[in-house]
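Everything below belongs to start.cif, which stores mmCIF, C-alpha atoms.
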```cif
data_run
#
loop_
_atom_site.label_atom_id
_atom_site.label_comp_id
_atom_site.auth_asym_id
_atom_site.auth_seq_id
_atom_site.Cartn_x
_atom_site.Cartn_y
_atom_site.Cartn_z
CA MET Z 1 0.00 0.00 0.00
CA SER Z 2 1.33 3.44 -0.91
CA ALA Z 3 0.30 7.03 -1.37
CA ASP Z 4 0.17 6.34 -5.11
CA THR Z 5 -2.41 3.58 -4.71
CA GLY Z 6 -4.41 5.81 -2.37
CA ARG Z 7 -4.52 8.60 -4.93
CA ALA Z 8 -5.38 6.12 -7.67
CA LEU Z 9 -8.24 4.70 -5.61
CA ALA Z 10 -9.57 8.20 -4.97
CA ALA Z 11 -9.42 8.98 -8.72
CA VAL Z 12 -11.18 5.74 -9.67
CA MET Z 13 -13.93 6.41 -7.14
CA GLU Z 14 -14.33 9.94 -8.46
CA ARG Z 15 -14.70 8.41 -11.91
CA VAL Z 16 -17.42 6.06 -10.63
CA ALA Z 17 -19.38 9.04 -9.32
CA ALA Z 18 -19.00 10.92 -12.62
CA THR Z 19 -20.03 7.84 -14.59
CA ALA Z 20 -23.13 7.36 -12.44
CA ALA Z 21 -24.18 10.95 -13.12
CA GLU Z 22 -23.65 10.45 -16.86
CA VAL Z 23 -25.33 7.08 -17.42
CA GLY Z 24 -28.29 7.33 -15.03
CA ALA Z 25 -30.28 4.08 -15.07
CA ARG Z 26 -28.30 2.65 -17.98
CA PHE Z 27 -25.15 0.51 -17.73
CA PRO Z 28 -21.72 1.65 -18.99
CA LEU Z 29 -19.81 -0.65 -21.35
CA TYR Z 30 -16.78 1.24 -22.64
CA ALA Z 31 -15.71 4.87 -22.82
CA ASP Z 32 -14.00 6.88 -25.55
CA PRO Z 33 -10.35 7.49 -24.66
CA ALA Z 34 -10.49 11.03 -26.03
CA ASP Z 35 -13.27 12.48 -23.91
CA GLY Z 36 -14.45 9.73 -21.54
CA ARG Z 37 -18.00 9.50 -22.89
CA TRP Z 38 -19.56 6.11 -22.28
CA THR Z 39 -21.25 3.73 -24.67
CA THR Z 40 -24.07 2.25 -22.62
CA THR Z 41 -26.69 -0.48 -22.63
CA GLY Z 42 -30.15 -0.51 -21.11
CA ARG Z 43 -30.08 -4.02 -19.58
CA GLY Z 44 -26.41 -4.40 -18.69
CA SER Z 45 -25.45 -7.30 -20.96
CA TRP Z 46 -22.75 -9.58 -19.50
CA THR Z 47 -20.98 -6.59 -17.93
CA GLY Z 48 -23.83 -5.24 -15.80
CA GLY Z 49 -22.58 -6.85 -12.60
CA PHE Z 50 -19.29 -5.01 -12.85
CA TRP Z 51 -21.08 -1.67 -12.80
CA ALA Z 52 -23.16 -2.71 -9.79
CA GLY Z 53 -19.95 -3.96 -8.17
CA LEU Z 54 -18.23 -0.63 -8.77
CA LEU Z 55 -21.12 1.16 -7.09
CA TRP Z 56 -20.85 -1.17 -4.07
CA LEU Z 57 -17.11 -0.52 -3.87
CA ARG Z 58 -17.78 3.21 -3.95
CA ALA Z 59 -20.37 2.81 -1.18
CA ARG Z 60 -17.74 1.05 0.93
CA TYR Z 61 -15.24 3.81 0.12
CA THR Z 62 -17.50 6.71 1.07
CA GLY Z 63 -19.71 5.05 3.68
CA ALA Z 64 -22.51 7.31 2.45
CA GLY Z 65 -26.14 6.22 2.52
CA PRO Z 66 -26.99 7.63 -0.94
CA ASP Z 67 -24.10 5.68 -2.48
CA ARG Z 68 -25.31 2.47 -0.84
CA ARG Z 69 -28.85 3.07 -2.10
CA ALA Z 70 -27.57 3.73 -5.61
CA ALA Z 71 -25.65 0.44 -5.55
CA ALA Z 72 -28.70 -1.45 -4.29
CA ALA Z 73 -30.92 0.06 -6.97
CA CYS Z 74 -28.47 -0.87 -9.71
CA THR Z 75 -28.18 -4.43 -8.40
CA ALA Z 76 -31.97 -4.78 -8.41
CA ARG Z 77 -31.98 -3.87 -12.12
CA LEU Z 78 -29.94 -7.02 -12.81
CA ALA Z 79 -32.85 -9.27 -11.77
CA PRO Z 80 -34.11 -10.05 -15.32
CA TRP Z 81 -30.83 -11.85 -16.01
CA VAL Z 82 -31.68 -14.55 -13.45
CA ALA Z 83 -33.86 -16.28 -16.06
CA ALA Z 84 -31.49 -15.68 -18.98
CA ASP Z 85 -29.81 -18.73 -20.52
CA THR Z 86 -26.21 -17.64 -20.13
CA ALA Z 87 -23.24 -18.80 -18.09
CA THR Z 88 -22.22 -15.16 -17.78
CA ARG Z 89 -24.68 -15.07 -14.88
CA GLY Z 90 -21.60 -15.94 -12.87
CA LEU Z 91 -19.99 -12.65 -13.87
CA ILE Z 92 -23.23 -10.73 -13.49
CA PHE Z 93 -24.45 -11.95 -10.14
CA TRP Z 94 -21.26 -12.77 -8.27
CA TYR Z 95 -19.44 -9.53 -9.01
CA GLY Z 96 -22.65 -7.54 -8.87
CA THR Z 97 -23.40 -8.67 -5.31
CA ALA Z 98 -20.26 -9.97 -3.58
CA ALA Z 99 -19.12 -6.51 -2.46
CA ALA Z 100 -22.58 -5.73 -1.06
CA GLY Z 101 -21.69 -7.14 2.34
CA ASP Z 102 -24.75 -7.73 4.50
CA ASP Z 103 -27.28 -6.30 2.06
CA ALA Z 104 -30.15 -8.78 2.31
CA GLU Z 105 -31.69 -8.03 -1.09
CA ALA Z 106 -28.37 -8.49 -2.88
CA ALA Z 107 -27.84 -11.79 -1.07
CA ALA Z 108 -31.31 -12.98 -2.01
CA LEU Z 109 -30.77 -12.08 -5.66
CA ARG Z 110 -27.43 -13.90 -5.64
CA ALA Z 111 -29.10 -17.01 -4.21
CA ARG Z 112 -31.87 -16.91 -6.85
CA ALA Z 113 -29.29 -16.62 -9.62
CA ALA Z 114 -27.23 -19.47 -8.18
CA GLY Z 115 -30.31 -21.68 -8.03
CA ALA Z 116 -31.15 -20.89 -11.64
CA CYS Z 117 -27.59 -21.70 -12.71
CA LEU Z 118 -27.68 -24.99 -10.80
CA SER Z 119 -30.92 -25.95 -12.56
CA ALA Z 120 -29.32 -25.17 -15.93
CA CYS Z 121 -26.22 -27.32 -15.36
CA ASP Z 122 -25.84 -30.26 -17.73
CA PRO Z 123 -24.64 -33.30 -15.74
CA ALA Z 124 -23.77 -35.23 -18.88
CA LEU Z 125 -21.43 -32.50 -20.13
CA GLY Z 126 -20.28 -31.62 -16.63
CA ILE Z 127 -20.75 -27.88 -17.12
CA LEU Z 128 -23.16 -25.00 -17.03
CA PRO Z 129 -23.39 -24.48 -20.81
CA TRP Z 130 -22.56 -21.08 -22.24
CA GLY Z 131 -26.19 -20.59 -23.27
CA ASP Z 132 -27.83 -18.74 -26.12
CA ALA Z 133 -29.05 -15.55 -24.44
CA LEU Z 134 -26.21 -13.53 -26.00
CA GLY Z 135 -26.46 -15.22 -29.39
CA GLY Z 136 -24.50 -18.03 -30.99
CA PRO Z 137 -24.50 -21.75 -30.17
CA ARG Z 138 -25.61 -22.81 -26.71
CA LEU Z 139 -23.32 -25.79 -26.08
CA LEU Z 140 -20.03 -23.99 -25.57
CA ALA Z 141 -17.38 -24.29 -22.90
CA ARG Z 142 -15.75 -20.87 -22.53
CA VAL Z 143 -13.28 -19.72 -19.93
CA ASP Z 144 -15.30 -16.57 -19.18
CA ALA Z 145 -18.12 -18.89 -18.07
CA VAL Z 146 -16.01 -19.96 -15.06
CA PRO Z 147 -15.05 -16.89 -12.96
CA GLY Z 148 -17.89 -15.86 -10.69
CA THR Z 149 -19.78 -19.06 -11.49
CA VAL Z 150 -17.63 -21.16 -9.14
CA PRO Z 151 -18.24 -19.09 -5.98
CA LEU Z 152 -21.83 -18.38 -7.04
CA LEU Z 153 -22.70 -22.08 -7.23
CA ALA Z 154 -20.55 -23.12 -4.29
CA GLY Z 155 -22.40 -20.70 -2.02
CA ILE Z 156 -25.73 -22.55 -2.09
CA GLY Z 157 -24.87 -25.83 -0.43
CA PRO Z 158 -23.45 -29.27 -1.29
CA ASP Z 159 -25.23 -29.64 -4.63
CA GLY Z 160 -24.01 -26.25 -5.72
CA ALA Z 161 -20.47 -27.00 -4.56
CA ALA Z 162 -20.44 -30.25 -6.51
CA ALA Z 163 -21.70 -28.47 -9.64
CA ALA Z 164 -19.08 -25.73 -9.18
CA ALA Z 165 -16.30 -28.31 -8.94
CA ALA Z 166 -17.54 -30.21 -12.00
CA HIS Z 167 -17.90 -26.99 -14.01
CA LEU Z 168 -14.39 -25.79 -13.14
CA HIS Z 169 -12.57 -29.08 -13.60
CA ARG Z 170 -14.32 -29.84 -16.88
CA HIS Z 171 -13.22 -26.47 -18.21
CA LEU Z 172 -9.67 -27.11 -17.04
CA ASP Z 173 -9.64 -30.46 -18.83
CA LEU Z 174 -11.02 -28.93 -22.03
CA CYS Z 175 -9.19 -25.60 -22.08
CA LEU Z 176 -5.82 -26.66 -20.68
CA GLY Z 177 -5.72 -30.41 -21.14
CA ARG Z 178 -3.27 -32.47 -19.13
CA PRO Z 179 0.49 -32.87 -19.51
CA GLY Z 180 1.26 -35.64 -21.98
CA ASP Z 181 -2.32 -36.04 -23.17
CA GLY Z 182 -1.22 -35.88 -26.78
CA ALA Z 183 -3.64 -33.09 -27.70
CA ASP Z 184 -2.63 -31.17 -30.78
CA GLY Z 185 -2.92 -27.42 -31.27
CA PRO Z 186 -2.14 -24.64 -28.80
CA TRP Z 187 -1.77 -25.29 -25.08
CA PHE Z 188 -4.64 -22.94 -24.29
CA ARG Z 189 -8.11 -23.18 -25.80
CA PRO Z 190 -10.44 -20.44 -24.55
CA ALA Z 191 -13.62 -21.79 -26.15
CA LEU Z 192 -14.83 -25.15 -27.41
CA GLY Z 193 -18.11 -26.19 -28.96
CA PHE Z 194 -19.85 -29.52 -28.39
CA GLU Z 195 -20.81 -31.51 -31.48
CA THR Z 196 -23.91 -33.51 -30.64
CA ALA Z 197 -23.50 -35.69 -33.75
CA THR Z 198 -20.05 -36.92 -32.73
CA GLY Z 199 -20.17 -36.32 -28.98
CA ARG Z 200 -16.85 -34.44 -29.19
CA TRP Z 201 -15.62 -31.00 -28.22
CA ARG Z 202 -13.96 -28.89 -30.92
CA PRO Z 203 -11.90 -25.71 -30.35
CA CYS Z 204 -13.55 -22.52 -31.60
CA GLU Z 205 -11.75 -19.95 -33.69
CA ASP Z 206 -13.16 -17.03 -31.68
CA PRO Z 207 -11.86 -16.02 -29.24
CA PRO Z 208 -8.39 -17.00 -30.47
CA PRO Z 209 -5.91 -19.05 -28.43
CA GLY Z 210 -3.82 -15.93 -27.81
CA TRP Z 211 -6.67 -14.06 -26.11
CA SER Z 212 -4.92 -12.84 -22.98
CA ARG Z 213 -8.14 -12.07 -21.10
CA GLY Z 214 -9.08 -15.72 -21.45
CA ARG Z 215 -6.05 -16.84 -19.47
CA ALA Z 216 -6.71 -14.11 -16.91
CA TRP Z 217 -10.33 -15.24 -16.47
CA LEU Z 218 -9.32 -18.85 -15.94
CA LEU Z 219 -6.53 -17.94 -13.49
CA LEU Z 220 -9.05 -15.91 -11.50
CA ALA Z 221 -11.46 -18.86 -11.35
CA VAL Z 222 -8.70 -21.21 -10.20
CA ALA Z 223 -7.60 -18.75 -7.53
CA ASP Z 224 -11.16 -18.46 -6.22
CA ALA Z 225 -11.48 -22.24 -6.06
CA MET Z 226 -8.19 -22.59 -4.20
CA LEU Z 227 -9.47 -20.19 -1.55
CA ARG Z 228 -12.68 -22.08 -0.88
CA PRO Z 229 -12.85 -24.53 2.02
CA ASP Z 230 -15.01 -27.05 0.17
CA PRO Z 231 -12.92 -30.10 -0.83
CA GLY Z 232 -14.72 -30.28 -4.16
CA THR Z 233 -13.21 -27.02 -5.39
CA ALA Z 234 -10.09 -26.43 -3.30
CA GLY Z 235 -6.84 -28.13 -2.44
CA SER Z 236 -6.66 -30.52 -5.36
CA ALA Z 237 -3.49 -31.25 -7.25
CA ARG Z 238 -5.34 -30.34 -10.45
CA LEU Z 239 -5.89 -26.76 -9.28
CA THR Z 240 -2.25 -26.38 -8.27
CA GLU Z 241 -1.21 -27.81 -11.62
CA ALA Z 242 -3.56 -25.50 -13.52
CA ALA Z 243 -2.40 -22.39 -11.67
CA GLY Z 244 1.23 -23.29 -12.35
CA LEU Z 245 0.56 -23.84 -16.05
CA LEU Z 246 -1.33 -20.58 -16.44
CA LEU Z 247 1.34 -18.64 -14.56
CA ALA Z 248 4.29 -20.18 -16.37
CA ARG Z 249 3.02 -20.63 -19.91
CA GLY Z 250 1.17 -17.34 -19.77
CA GLU Z 251 4.34 -15.58 -18.58
CA VAL Z 252 2.26 -13.99 -15.85
CA LEU Z 253 5.17 -13.58 -13.45
CA THR Z 254 7.86 -12.70 -16.00
CA GLY Z 255 6.18 -11.08 -18.99
CA ARG Z 256 4.93 -7.59 -19.66
CA PRO Z 257 2.78 -6.25 -16.81
CA VAL Z 258 0.15 -5.26 -19.38
CA PRO Z 259 -0.14 -8.02 -21.99
CA PRO Z 260 -1.17 -7.68 -25.62
CA ALA Z 261 -4.83 -8.39 -26.19
CA ASP Z 262 -3.76 -11.25 -28.46
CA THR Z 263 -0.38 -12.79 -27.74
CA ALA Z 264 -0.17 -13.75 -31.41
CA ARG Z 265 -0.03 -10.01 -32.14
CA PRO Z 266 2.56 -8.70 -29.66
CA ASP Z 267 2.68 -5.32 -31.40
CA GLY Z 268 -1.12 -5.00 -31.48
CA PRO Z 269 -3.40 -3.42 -28.88
CA ALA Z 270 -2.69 -4.06 -25.22
CA ASP Z 271 -5.39 -4.95 -22.73
CA THR Z 272 -5.26 -3.30 -19.33
CA SER Z 273 -8.43 -5.11 -18.30
CA ALA Z 274 -6.58 -8.44 -18.61
CA ALA Z 275 -3.83 -6.99 -16.43
CA ALA Z 276 -6.33 -5.83 -13.79
CA ILE Z 277 -8.03 -9.24 -13.70
CA THR Z 278 -4.62 -10.89 -13.36
CA ALA Z 279 -3.65 -8.59 -10.49
CA VAL Z 280 -6.78 -9.59 -8.57
CA ALA Z 281 -6.09 -13.28 -9.25
CA LEU Z 282 -2.53 -12.88 -7.94
CA LEU Z 283 -3.74 -11.11 -4.80
CA LYS Z 284 -6.02 -14.08 -4.21
CA LEU Z 285 -3.24 -16.59 -4.89
CA ALA Z 286 -1.09 -14.71 -2.40
CA ARG Z 287 -3.63 -15.74 0.26
CA THR Z 288 -3.29 -19.45 -0.52
CA PRO Z 289 -0.76 -21.66 1.31
CA GLY Z 290 2.56 -22.12 -0.43
CA PRO Z 291 6.08 -20.75 -0.75
CA ARG Z 292 5.31 -18.30 -3.58
CA ALA Z 293 2.70 -16.17 -1.83
CA GLU Z 294 5.05 -13.20 -1.45
CA GLN Z 295 6.06 -13.42 -5.11
CA TYR Z 296 2.42 -13.36 -6.16
CA ALA Z 297 1.71 -10.31 -4.01
CA LEU Z 298 4.74 -8.44 -5.33
CA ARG Z 299 3.83 -9.20 -8.93
CA ALA Z 300 0.28 -8.00 -8.34
CA GLU Z 301 1.61 -4.74 -6.96
CA GLU Z 302 3.98 -4.42 -9.93
CA ILE Z 303 1.07 -4.79 -12.35
CA LEU Z 304 -1.04 -2.29 -10.41
CA ASP Z 305 1.84 0.18 -10.32
CA ARG Z 306 2.13 0.00 -14.11
CA LEU Z 307 -1.61 0.49 -14.54
CA ILE Z 308 -1.86 3.55 -12.32
CA ARG Z 309 1.37 5.17 -13.55
CA SER Z 310 1.01 4.58 -17.29
CA HIS Z 311 -2.67 3.99 -18.06
CA LEU Z 312 -4.80 5.85 -15.49
CA THR Z 313 -5.82 9.39 -16.41
CA GLY Z 314 -5.11 12.22 -14.02
CA GLY Z 315 -7.72 14.68 -15.23
CA ASP Z 316 -5.58 16.41 -17.84
CA GLY Z 317 -7.23 18.13 -20.77
CA ALA Z 318 -10.64 16.91 -21.90
CA ARG Z 319 -10.41 13.57 -20.11
CA PRO Z 320 -11.70 13.14 -16.57
CA PRO Z 321 -9.49 11.56 -13.89
CA GLY Z 322 -9.66 7.89 -12.99
CA MET Z 323 -10.09 6.38 -16.47
CA LEU Z 324 -8.21 3.11 -16.97
CA LEU Z 325 -7.29 3.44 -20.63
CA ASP Z 326 -5.91 0.94 -23.14
CA GLY Z 327 -8.45 -1.77 -22.53
CA CYS Z 328 -9.36 -3.88 -25.53
CA TYR Z 329 -12.93 -5.11 -25.90
CA ASP Z 330 -12.37 -7.18 -29.07
CA ALA Z 331 -9.16 -6.91 -31.06
CA GLY Z 332 -10.35 -9.18 -33.86
CA LYS Z 333 -13.40 -7.04 -34.56
CA GLY Z 334 -11.57 -3.76 -33.91
CA LEU Z 335 -14.13 -2.91 -31.21
CA ALA Z 336 -13.06 -0.46 -28.49
CA VAL Z 337 -9.40 -1.42 -28.74
CA ARG Z 338 -7.86 1.38 -26.63
CA HIS Z 339 -10.78 2.28 -24.40
CA GLU Z 340 -11.83 2.40 -20.80
CA LEU Z 341 -13.78 -0.80 -20.05
CA VAL Z 342 -16.20 -1.12 -17.16
CA TRP Z 343 -14.80 -4.50 -16.07
CA GLY Z 344 -11.24 -3.14 -16.22
CA ASP Z 345 -12.32 -0.33 -13.91
CA PHE Z 346 -13.98 -2.85 -11.59
CA PHE Z 347 -10.99 -5.12 -11.17
CA LEU Z 348 -8.62 -2.19 -10.71
CA ALA Z 349 -10.97 -0.76 -8.07
CA LEU Z 350 -11.28 -4.17 -6.41
CA ALA Z 351 -7.51 -4.63 -6.20
CA LEU Z 352 -6.93 -1.13 -4.84
CA SER Z 353 -9.80 -1.50 -2.38
CA ALA Z 354 -8.28 -4.74 -1.12
CA LEU Z 355 -4.87 -3.14 -0.66
CA HIS Z 356 -6.50 -0.40 1.42
CA GLY Z 357 -8.57 -2.77 3.55
CA LEU Z 358 -11.99 -1.86 2.17
CA VAL Z 359 -12.76 -5.41 1.05
CA ASP Z 360 -11.57 -8.91 1.83
CA ILE Z 361 -10.14 -10.11 -1.48
CA THR Z 362 -10.90 -13.72 -0.55
CA ARG Z 363 -14.63 -12.99 -0.48
CA VAL Z 364 -15.15 -10.90 -3.64
#
```
Structure translated into structure tokens:
Amino acid sequence: MSADTGRALAAVMERVAATAAEVGARFPLYADPADGRWTTTGRGSWTGGFWAGLLWLRARYTGAGPDRRAAAACTARLAPWVAADTATRGLIFWYGTAAAGDDAEAAALRARAAGACLSACDPALGILPWGDALGGPRLLARVDAVPGTVPLLAGIGPDGAAAAAAHLHRHLDLCLGRPGDGADGPWFRPALGFETATGRWRPCEDPPPGWSRGRAWLLLAVADAMLRPDPGTAGSARLTEAAGLLLARGEVLTGRPVPPADTARPDGPADTSAAAITAVALLKLARTPGPRAEQYALRAEEILDRLIRSHLTGGDGARPPGMLLDGCYDAGKGLAVRHELVWGDFFLALALSALHGLVDITRV
């Protein structure tokens, strides 16, 4: 913790307040790097929980009643997604409620969403399918279906914990494989589709194997599982193996603090949101038993230092302070490739809040 992280946290929280005034009852997606104006959505899409989570973090930061009520109102607007057929309910309802503390309505909404996800799990495939609410084929295994989903499911009892473990370990088997399994192609496969005719999983072309946010999402899910006391999701050799593979092969501890959005294009756009997600995952891993905890914590702080020194606006010119720039929504489509992203803001705010004792990183 340093004065720099304190100033950065203050700037990010100021940005949250300014964003709330701009977007009203809508949800921010990404903001123009030139002037900070947000592109928004009315229902929140898969990112709505990150905006609710940011509002809860601001409520913790200020301790003000109006900020808490604003966070609660935003969280309530996520309710229609409970019935949506999408595994991104893990992202929406875990991150949209976990920072709410003892708020009873947020806890009730989280439980409803977890129950809906449990009902939608496919025991034969061993996963909560990606779903078709956001378009495309339903029977996908994607790494961004895992973070949030594991703690969401595990929080509703033994059946949920078993489903969380199955969901995570099936994704690890599909997306990472096992050493010596003879699988061809890249070591990391962020998305696979199930062919009902053949009963086989096939890697998808989009997102590509070099998608750095995919590795960050999976590392975050593994870190969350390693922190949980339930034997179905924590303490297994498979989780330790997976974390080691993601850290080593992804060059998380030795590579650039802010990775390229696609590692196959090292000179292409960077993605600060992947870096922020990775920093949170490392802060979580630093809380797990093992000899490398200090290394994980130091690397997380190194990443955060790069983000706040090189990519966070200070209020110069036309841009407001507290914008985490150089996030990449979708490099392949050329969509918002150097922008402020709401989930990048959330994970930066979460990491800084944890460093300053506002949240317990093991519970959010």
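Distance check against Trp94 (chain Z) using all atoms listed in the file: of Z:Ala21, Z:Val146, Z:Ala354, Z:Ala70, the minimum falls on Z:Val146.
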For the file shown, what are the residues hit by the PyMOL selection byres ((chain Z and resi 186-202) around 7), laid out as a ChimeraX atom specification? /Z:139-143,175-176,184-185,203-204,207,209,214
For the residues in that selection, give me C-alpha atoms as a short mmCIF file (atom, residue, chain, number, x, y, z; two decimals), in the frame of the given file.
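The result, stored in part-v7.cif:
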```cif
data_model
loop_
_atom_site.label_atom_id
_atom_site.label_comp_id
_atom_site.auth_asym_id
_atom_site.auth_seq_id
_atom_site.Cartn_x
_atom_site.Cartn_y
_atom_site.Cartn_z
CA LEU Z 139 -23.32 -25.79 -26.08
CA LEU Z 140 -20.03 -23.99 -25.57
CA ALA Z 141 -17.38 -24.29 -22.90
CA ARG Z 142 -15.75 -20.87 -22.53
CA VAL Z 143 -13.28 -19.72 -19.93
CA CYS Z 175 -9.19 -25.60 -22.08
CA LEU Z 176 -5.82 -26.66 -20.68
CA ASP Z 184 -2.63 -31.17 -30.78
CA GLY Z 185 -2.92 -27.42 -31.27
CA PRO Z 203 -11.90 -25.71 -30.35
CA CYS Z 204 -13.55 -22.52 -31.60
CA PRO Z 207 -11.86 -16.02 -29.24
CA PRO Z 209 -5.91 -19.05 -28.43
CA GLY Z 214 -9.08 -15.72 -21.45
#
```
Applying the PyMOL selection byres ((chain Z and resi 166) around 10) to the file I just gave you, which residues come out? Please list them as an mmCIF file with C-alpha atoms, in the frame of the given file.
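Dumped everything to out05.cif:
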```cif
data_model
loop_
_atom_site.group_PDB
_atom_site.id
_atom_site.type_symbol
_atom_site.label_atom_id
_atom_site.label_comp_id
_atom_site.auth_asym_id
_atom_site.auth_seq_id
_atom_site.Cartn_x
_atom_site.Cartn_y
_atom_site.Cartn_z
ATOM 1 C CA CYS Z 121 -26.220 -27.320 -15.360
ATOM 2 C CA PRO Z 123 -24.640 -33.300 -15.740
ATOM 3 C CA LEU Z 125 -21.430 -32.500 -20.130
ATOM 4 C CA GLY Z 126 -20.280 -31.620 -16.630
ATOM 5 C CA ILE Z 127 -20.750 -27.880 -17.120
ATOM 6 C CA LEU Z 128 -23.160 -25.000 -17.030
ATOM 7 C CA VAL Z 150 -17.630 -21.160 -9.140
ATOM 8 C CA GLY Z 160 -24.010 -26.250 -5.720
ATOM 9 C CA ALA Z 161 -20.470 -27.000 -4.560
ATOM 10 C CA ALA Z 162 -20.440 -30.250 -6.510
ATOM 11 C CA ALA Z 163 -21.700 -28.470 -9.640
ATOM 12 C CA ALA Z 164 -19.080 -25.730 -9.180
ATOM 13 C CA ALA Z 165 -16.300 -28.310 -8.940
ATOM 14 C CA HIS Z 167 -17.900 -26.990 -14.010
ATOM 15 C CA LEU Z 168 -14.390 -25.790 -13.140
ATOM 16 C CA HIS Z 169 -12.570 -29.080 -13.600
ATOM 17 C CA ARG Z 170 -14.320 -29.840 -16.880
ATOM 18 C CA HIS Z 171 -13.220 -26.470 -18.210
ATOM 19 C CA LEU Z 172 -9.670 -27.110 -17.040
ATOM 20 C CA GLY Z 232 -14.720 -30.280 -4.160
ATOM 21 C CA THR Z 233 -13.210 -27.020 -5.390
#
```
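Here, the PyMOL selection byres ((chain Z and resi 134) around 10) matches Ser45, Trp46, Ala84, Asp85, Thr86, Ala87, Thr88, Trp130, Gly131, Asp132, Ala133, Gly135, Gly136, Pro137 and Arg138 of chain Z.
Remark: for Gly317 (chain Z), the closest of the candidate residues Z:Leu253, Z:Ala20, Z:Asp35, Z:Pro66 is Z:Asp35 (distances computed over all atoms listed in the file).
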Rank nothing, just name the residue among Z:Thr41, Z:Ala331, Z:Leu325, Z:Arg309 nearest to Asp267 (chain Z), using only C-alpha atoms. Z:Ala331
Using all atoms listed in the file, determine which residues lie at most 9 Å from Ala25 (chain Z), disregarding the query and same-chain residues fewer than 5 positions distant; provide the list as a ChimeraX atom specification. /Z:20,42,74,77
With 5 Å added on each side, what axis-aligned box encloses every listed atom of region 271-279 of chain Z? Give the centre and edge lengths in Å to one decimal, as lines of an AutoDock Vina configuration file.
```
center_x = -6.0
center_y = -7.1
center_z = -16.6
size_x = 14.8
size_y = 17.6
size_z = 22.2
```
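All residues of protein, DNA or RNA that reach within 9 Å of Arg89 (chain Z), judged by all atoms listed in the file and not counting those fewer than 6 positions away in the chain, are Trp46, Gly49, Trp81, Val82, Ala113, Ala114, Cys117, Ala145, Gly148, Thr149 and Leu152 of chain Z.
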Which residues come within 9 Å of region 289-300 of chain Z, counting only C-alpha atoms, excluding same-chain residues fewer than 4 positions away, as a list in words? Val252, Leu253, Thr254, Pro257, Ala276, Thr278, Ala279, Val280, Ala281, Leu282, Leu283, Lys284, Leu285, Leu304, Asp305 and Ala351 of chain Z
Quick check, in Å to one decimal: how far apart do CA of Pro28 (chain Z) and CA of Tyr329 (chain Z) lie? 13.1 Å
Mind checking which residues fall within 10 Å of region 59-63 of chain Z, counting only C-alpha atoms, ignoring those fewer than 2 positions away in the same chain, and posting them as an NGL selection string? :Z and (9-10 or 13 or 53-57 or 65-72 or 99-101 or 353 or 356-359)
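Considering the residues Z:Ala18, Z:Gly90, Z:Phe27, Z:Ala225 and counting only C-alpha atoms, Arg363 (chain Z) has its shortest atom-to-atom contact with Z:Ala225.
CA of Ala275 (chain Z) to CA of Val16 (chain Z) spans 19.7 Å [interatomic distance, one decimal].
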Out of Z:Met226, Z:Leu348, Z:Leu355, Z:Cys328, which residue has the shortest atom-to-atom distance to Tyr30 (chain Z) when counting all atoms listed in the file? Z:Cys328
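Between Leu219 (chain Z) and the residues Z:Ala274, Z:Leu174, Z:Leu118, Z:Val258, the shortest atom-to-atom distance, using all atoms listed in the file, involves Z:Ala274.
Rounded to one decimal, CA of Phe346 (chain Z) and CA of Arg249 (chain Z) lie 26.0 Å from each other.
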